[in-house]
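J.: The following block contains the structure, expressed as structure tokens.
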Amino acid sequence: MNNLFQYVPGHSLIHRLNPVTKIFLTIVICIAAFLTDRLLFLAGLLAVDLLIGIVAGVANRTWNIFRGLLKIAAFLFLLQALLTRKGTPVFWIITDQGLLTAGKVVLRLVVVCMPLALVLAVTRITDLTNAMVQVMHVPYPYAFTLSTAIRFIPQFLEEMAGIMEAQTARGVAFDKARGLKKFSMILPLCAPLLISSVRRTDQTAVAAEARGFHLRTRTSGYKQYPFTGIDLGAAAFCLLLLTGAMLL
Amino acid sequence: MIQIQDLSFTYKNGESPALQEISLTVPDGGFLGIIGPAGAGKTTLARAAAGIIPHHYPGDFYGSVTVNGLDTVDSSIIDLSRLVGMVFQDVDSQIISPLVEDEMLYGLENFGVSREEIPQRMEEALEKVGIADLRDRSIASLSGGQRQKVAIASIIALKPRILVLDEPTGELDPRSSRQIFSLLKELNEEQGITIILIEQKIMLLCEFARQLAVLSKGRIVRQGDTREVLSHAEELQALGVNCPRVTTLSRVLSEKTGAEQPVCINLDEAENMVRRLIP
Ligand SMILES: Nc1ncnc2c1ncn2[C@@H]1O[C@H](COP(=O)(O)OP(=O)(O)OP(=O)(O)O)[C@@H](O)[C@H]1O
Ligand SMILES: [Mg+2]
């Protein structure tokens with residue numbers, strides 16, 4: 001969990017894409033997933049997701065994200081299959097229509113979530129927000145909020161682990177509990193953690209202001225984010241995906 | 001120059017004043033050390049000197065603080081931030097970016113340092129603090145001491161005229177602490193940067209700071225030249241501030257020999273004194 005959102009350094013084709021292109025590609029995959037109504041095309045999109053992960057050299061991470069999503073997907077699949085009443089029954093109250101819709105819903109979910117998580121694995125948060133500000137003209141305060149939120153995830157988890165360790169040392173059996181039980185044990189810890197996080201973010205805001213937060217303009221970034229040939233290639237690929245989603 | 005006159009401050013949600021009737025002047029190019037027990041108000045004083053109080057912490061503010069002629073209450077935090085660089089006591093809340101390099105870039109970019117100058121400023125600061133090799137690391141992968149060095153380097157790169165450092169060596173080993181202190185001394189002597197340094201390591205502080213202020217329960221109980229303040233060793237001890245061992249040595253020797261010995265503030269002076277007394 002801890003490093004599911006952390007940047008994995010690299011120089012792959014995907015890493016070298018302009019951050020804006022990566023956001024664009026993510027959005028296009030999402031749109032394509034909602035445009036199409038064919039199971040096979042959705043499966044194709046999933047293959048694209050996985051392929052992107054492999055080309056970026058983050059196959060391990062891709063697999064972890066996929067596995068994480070699979071648990072939620074299985075639950076959703078069951079729910080959808082049980083609730084759909086149309087079509088001919090194939091087994092107990094489950095119909096063929098139900099199975100098909102459930103498959104599509106679940107595939108769509110996985111296809112849409114994967115690139116969102118992958119973007120963070122192959123892009124530095126600062127590049128992401130800087131490019132958003134410079135190229136997409138997103139107001140800096142919004143970009144700052146986003147990057148700060150993402151930056152605090154590992155710290156939050158680190159502190160959470162620290163507290164759980166301390167509690168375990170006092171005899172609380174976190175490791176033995178599972179599922180809902182574990183969740184209910186962790187929940188009370190969240191409030192104090194959240195309070196300390198808010199206090200800390202407040203101080204971070206002060207630190208940012210003391211270092212010229214208000215002086216920052218759209219062009220303040222030291223690094224620049226020009227579009228290159230690979231971005232053009234990615235754009236062409238996006239066009240292909242969209243046409244495919246509409247025609248197939 | 002920082003001039004503080006009759007400053008009293010109570011945090012909005014605080015029961016008692018965190019600072020009371022503080023008057024203090026740090027001349028241009030001065031090096032002031034601040035020491036005092038936990039909760040004495042050291043951090044509050046640092047925040048006031050940097051203008052963060054009252055701009056960010058609401059509360060009752062009496063008296064005045066002027067930084068290079070700017071009254072902190074009337075000036076914007078933007079103008080003040082160009083003058084004063086502050087290293088926070090809690091490094092984790094000071095660090096904004098997920099990567100060392102981005103953290104270094106942040107202030108440089110905002111203050112409009114030119115593209116040509118940025119790499120050199122960044123390398124110089126990292127080099128001086130001794131962490132050139134950490135440039136590409138992520139903050140999450142660093143130790144507390146390493147993070148502290150990153151925070152210091154990111155402020156030093158901005159070349160502010162005044163530096164306020166709140167226990168900047170709290171997580172550093174003795175050798176790194178000394179390295180940071182030497183760096184501050186160099187900035188102070190060669191570039192005339194005014195320094196206000198809060199520190200618990202009294203031995204180091206006395207060796208480097210030219211002036212000392214002792215804070216207790218929100219008040220300044222002693223201030224003046226380092227040597228002068230240290231001559232009141234017993235008073236400091238009573239407040240819970242330990243004196244350097246060399247200072248204690250000179251005091252004990254004064255008592256034992258019956259002749260007033262000069263207050264020693266570093267090892268060399270202590271050695272000379274002992275050599276003088278033991279012919
Ligand atoms: N943000 C705040 N809100 C309310 N009260 C505060 C705040 N920060 C500090 N105080 C109070 O002000 C007083 C002085 O605190 P301060 O942090 O300045 O002490 P300090 O000398 O820096 O202590 P330490 O050595 O532990 O860092 C304390 O009583 C503290 O509880
Ligand atoms: Mg403090």
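Ligands are numbered from 1 in the order shown, residues from 1 within each chain, and chains are lettered A, B, ... in the order they appear in the structure tokens.
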Produce as a ChimeraX atom specification the set of residues near ligand 1, where near means within 10 Å with only C-alpha atoms and all ligand atoms considered.
T.: /A:199,203 /B:9-19,34-48,56-59,89-90,166-167,198-200,215-218
J.: Which neighbours of Arg219 (chain B) fall inside 7 Å, counting only C-alpha atoms, when residues of the same chain fewer than 6 positions from it are skipped, and could you give them as a list in words?
T.: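 The residues that qualify are Leu19, Gln20, Glu21 and Ile22 of chain B.
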J.: Residues of chain B within 7 Å of chain A, counting only C-alpha atoms - could you list those as a PyMOL selection string?
T.: chain B and resi 78+81+93-94+96+98+107+109-112+115
J.: Now that the selection is made, can you save its residues with N, CA and C atoms as a PDB file, in the first residue's frame?
T.:
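Below is the file out.pdb, written as the result:
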```
ATOM      1  N   ILE B  78       5.173  38.748   1.741  1.00  0.00           N
ATOM      2  CA  ILE B  78       6.000  38.635   0.534  1.00  0.00           C
ATOM      3  C   ILE B  78       7.276  39.463   0.682  1.00  0.00           C
ATOM      4  N   SER B  81       9.467  37.894   3.274  1.00  0.00           N
ATOM      5  CA  SER B  81      10.085  36.625   2.878  1.00  0.00           C
ATOM      6  C   SER B  81      11.306  36.845   1.981  1.00  0.00           C
ATOM      7  N   SER B  93       7.313  19.501   8.292  1.00  0.00           N
ATOM      8  CA  SER B  93       6.282  20.419   7.815  1.00  0.00           C
ATOM      9  C   SER B  93       6.884  21.535   6.972  1.00  0.00           C
ATOM     10  N   GLN B  94       8.190  21.691   7.041  1.00  0.00           N
ATOM     11  CA  GLN B  94       8.824  22.712   6.210  1.00  0.00           C
ATOM     12  C   GLN B  94       8.991  22.241   4.769  1.00  0.00           C
ATOM     13  N   ILE B  96       8.271  20.880   1.298  1.00  0.00           N
ATOM     14  CA  ILE B  96       7.059  20.990   0.494  1.00  0.00           C
ATOM     15  C   ILE B  96       7.010  19.931  -0.606  1.00  0.00           C
ATOM     16  N   PRO B  98       8.214  16.418  -2.907  1.00  0.00           N
ATOM     17  CA  PRO B  98       8.518  15.007  -2.663  1.00  0.00           C
ATOM     18  C   PRO B  98       9.970  14.630  -2.976  1.00  0.00           C
ATOM     19  N   GLY B 107      11.911  27.517  -3.867  1.00  0.00           N
ATOM     20  CA  GLY B 107      12.101  28.922  -3.535  1.00  0.00           C
ATOM     21  C   GLY B 107      12.805  29.680  -4.642  1.00  0.00           C
ATOM     22  N   GLU B 109      12.744  29.198  -7.826  1.00  0.00           N
ATOM     23  CA  GLU B 109      11.785  29.496  -8.900  1.00  0.00           C
ATOM     24  C   GLU B 109      10.866  30.651  -8.512  1.00  0.00           C
ATOM     25  N   ASN B 110      10.339  30.569  -7.297  1.00  0.00           N
ATOM     26  CA  ASN B 110       9.369  31.572  -6.871  1.00  0.00           C
ATOM     27  C   ASN B 110       9.965  32.964  -6.798  1.00  0.00           C
ATOM     28  N   PHE B 111      11.202  33.048  -6.310  1.00  0.00           N
ATOM     29  CA  PHE B 111      11.807  34.368  -6.160  1.00  0.00           C
ATOM     30  C   PHE B 111      12.397  34.872  -7.471  1.00  0.00           C
ATOM     31  N   GLY B 112      12.151  34.142  -8.547  1.00  0.00           N
ATOM     32  CA  GLY B 112      12.529  34.634  -9.861  1.00  0.00           C
ATOM     33  C   GLY B 112      14.016  34.622 -10.148  1.00  0.00           C
ATOM     34  N   ARG B 115      17.139  31.411 -14.944  1.00  0.00           N
ATOM     35  CA  ARG B 115      17.397  30.020 -15.344  1.00  0.00           C
ATOM     36  C   ARG B 115      18.873  29.684 -15.334  1.00  0.00           C
TER      37      ARG B 115
END
```
J.: With a distance cut-off of 12 Å and only C-alpha atoms, select the neighbouring residues of Thr95 (chain A), excluding the residue or stretch itself and same-chain residues fewer than 5 positions from it, and output the selection as a list in words.
T.: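 With the cut-off at 12 Å, the set is Leu78, Gln80, Ala81, Leu82, Leu83, Thr84, Arg85, Lys86, Gly87, Thr88, Pro89, Val90, Leu100, Thr101 and Ala102 of chain A.
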J.: Would you output that residue set with all heavy atoms, as a compact mmCIF listing (two decimals), in the first residue's frame?
T.:
```
# COMPACT_ATOMS: atom_id res chain seq x y z
N LEU A 78 -20.13 -9.74 -8.54
CA LEU A 78 -21.13 -10.56 -7.88
C LEU A 78 -22.42 -9.78 -7.69
O LEU A 78 -23.51 -10.25 -8.00
CB LEU A 78 -20.58 -11.01 -6.51
CG LEU A 78 -21.12 -12.34 -6.02
CD1 LEU A 78 -20.59 -13.46 -6.90
CD2 LEU A 78 -20.71 -12.57 -4.57
N GLN A 80 -23.48 -7.08 -9.27
CA GLN A 80 -24.13 -6.76 -10.55
C GLN A 80 -24.82 -7.99 -11.13
O GLN A 80 -25.95 -7.93 -11.59
CB GLN A 80 -23.06 -6.23 -11.52
CG GLN A 80 -23.61 -5.70 -12.81
CD GLN A 80 -24.34 -4.37 -12.60
OE1 GLN A 80 -23.93 -3.59 -11.76
NE2 GLN A 80 -25.40 -4.15 -13.33
N ALA A 81 -24.14 -9.13 -11.05
CA ALA A 81 -24.69 -10.37 -11.62
C ALA A 81 -25.95 -10.79 -10.87
O ALA A 81 -26.91 -11.28 -11.47
CB ALA A 81 -23.64 -11.48 -11.54
N LEU A 82 -25.98 -10.59 -9.58
CA LEU A 82 -27.14 -10.98 -8.78
C LEU A 82 -28.32 -10.04 -9.00
O LEU A 82 -29.47 -10.43 -8.89
CB LEU A 82 -26.78 -11.00 -7.29
CG LEU A 82 -25.91 -12.16 -6.83
CD1 LEU A 82 -25.51 -11.99 -5.37
CD2 LEU A 82 -26.65 -13.48 -7.02
N LEU A 83 -28.01 -8.78 -9.30
CA LEU A 83 -29.07 -7.78 -9.37
C LEU A 83 -29.74 -7.69 -10.74
O LEU A 83 -30.85 -7.22 -10.86
CB LEU A 83 -28.54 -6.41 -8.97
CG LEU A 83 -28.23 -6.27 -7.47
CD1 LEU A 83 -27.74 -4.88 -7.15
CD2 LEU A 83 -29.48 -6.60 -6.65
N THR A 84 -29.02 -8.13 -11.82
CA THR A 84 -29.61 -8.01 -13.15
C THR A 84 -30.68 -9.08 -13.35
O THR A 84 -30.42 -10.28 -13.15
CB THR A 84 -28.53 -8.16 -14.23
OG1 THR A 84 -27.45 -7.28 -13.90
CG2 THR A 84 -29.07 -7.79 -15.59
N ARG A 85 -31.87 -8.63 -13.76
CA ARG A 85 -33.00 -9.57 -13.84
C ARG A 85 -33.35 -9.96 -15.27
O ARG A 85 -34.19 -10.80 -15.50
CB ARG A 85 -34.24 -8.98 -13.16
CG ARG A 85 -34.15 -8.84 -11.65
CD ARG A 85 -34.47 -10.14 -10.94
NE ARG A 85 -33.63 -11.26 -11.37
CZ ARG A 85 -32.48 -11.57 -10.79
NH1 ARG A 85 -32.02 -10.86 -9.79
NH2 ARG A 85 -31.77 -12.59 -11.22
N LYS A 86 -32.70 -9.31 -16.26
CA LYS A 86 -33.04 -9.60 -17.66
C LYS A 86 -32.26 -10.83 -18.16
O LYS A 86 -31.30 -11.26 -17.53
CB LYS A 86 -32.72 -8.38 -18.53
CG LYS A 86 -33.91 -7.40 -18.57
CD LYS A 86 -33.63 -6.23 -19.51
CE LYS A 86 -32.69 -5.25 -18.88
NZ LYS A 86 -32.27 -4.11 -19.58
N GLY A 87 -32.69 -11.38 -19.32
CA GLY A 87 -31.97 -12.47 -19.94
C GLY A 87 -32.42 -13.83 -19.43
O GLY A 87 -33.28 -13.94 -18.55
N THR A 88 -31.81 -14.90 -19.98
CA THR A 88 -32.19 -16.24 -19.57
C THR A 88 -31.28 -16.74 -18.46
O THR A 88 -30.08 -16.51 -18.50
CB THR A 88 -32.07 -17.21 -20.76
OG1 THR A 88 -30.84 -16.92 -21.43
CG2 THR A 88 -33.23 -17.04 -21.73
N PRO A 89 -31.88 -17.41 -17.47
CA PRO A 89 -31.06 -17.89 -16.35
C PRO A 89 -30.07 -18.95 -16.80
O PRO A 89 -30.39 -19.80 -17.63
CB PRO A 89 -32.10 -18.50 -15.40
CG PRO A 89 -33.43 -18.07 -15.90
CD PRO A 89 -33.29 -17.75 -17.34
N VAL A 90 -28.85 -18.85 -16.27
CA VAL A 90 -27.88 -19.90 -16.57
C VAL A 90 -27.56 -20.70 -15.31
O VAL A 90 -27.21 -21.87 -15.37
CB VAL A 90 -26.57 -19.32 -17.13
CG1 VAL A 90 -26.72 -19.00 -18.61
CG2 VAL A 90 -26.10 -18.10 -16.37
N LEU A 100 -22.98 -10.68 -18.53
CA LEU A 100 -22.39 -9.81 -19.53
C LEU A 100 -22.27 -8.37 -18.98
O LEU A 100 -21.19 -7.77 -19.06
CB LEU A 100 -23.26 -9.82 -20.80
CG LEU A 100 -22.59 -9.20 -22.02
CD1 LEU A 100 -21.42 -10.07 -22.48
CD2 LEU A 100 -23.60 -9.05 -23.16
N THR A 101 -23.36 -7.86 -18.41
CA THR A 101 -23.31 -6.49 -17.86
C THR A 101 -22.27 -6.42 -16.75
O THR A 101 -21.50 -5.46 -16.68
CB THR A 101 -24.68 -6.09 -17.25
OG1 THR A 101 -25.68 -6.95 -17.77
CG2 THR A 101 -24.99 -4.66 -17.56
N ALA A 102 -22.31 -7.40 -15.87
CA ALA A 102 -21.36 -7.40 -14.75
C ALA A 102 -19.93 -7.37 -15.28
O ALA A 102 -19.09 -6.61 -14.79
CB ALA A 102 -21.57 -8.63 -13.88
```
J.: I need the residues of region 67-189 of chain B that end up classed as strand (DSSP E) by DSSP on the backbone, written out as JSON, numbers by chain.
T.: {"B": [67, 70, 71, 84, 85, 86, 87, 162, 163, 164, 165, 166]}
J.: Quote the spacing between CA of Leu197 (chain B) and CA of Phe31 (chain B) in Å to one decimal place.
T.: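 CA of Phe31 (chain B) lies at a distance of 7.6 Å from CA of Leu197 (chain B).
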J.: Just want the 8 Å neighbourhood of region 236-238 of chain A, counted on only C-alpha atoms, with same-chain residues fewer than 2 positions away dropped. Output as a list in words.
T.: Leu25, Val28, Ile29, Leu232, Gly233, Ala234, Leu240, Leu241 and Leu242 of chain A
J.: Smallest atom-to-atom distance to ligand 2: which of B:Val221, B:Phe88, B:Ser254, B:Ala140, using only C-alpha atoms and all ligand atoms?
T.: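 With only C-alpha atoms and all ligand atoms as the atom set, the closest residue is B:Phe88.
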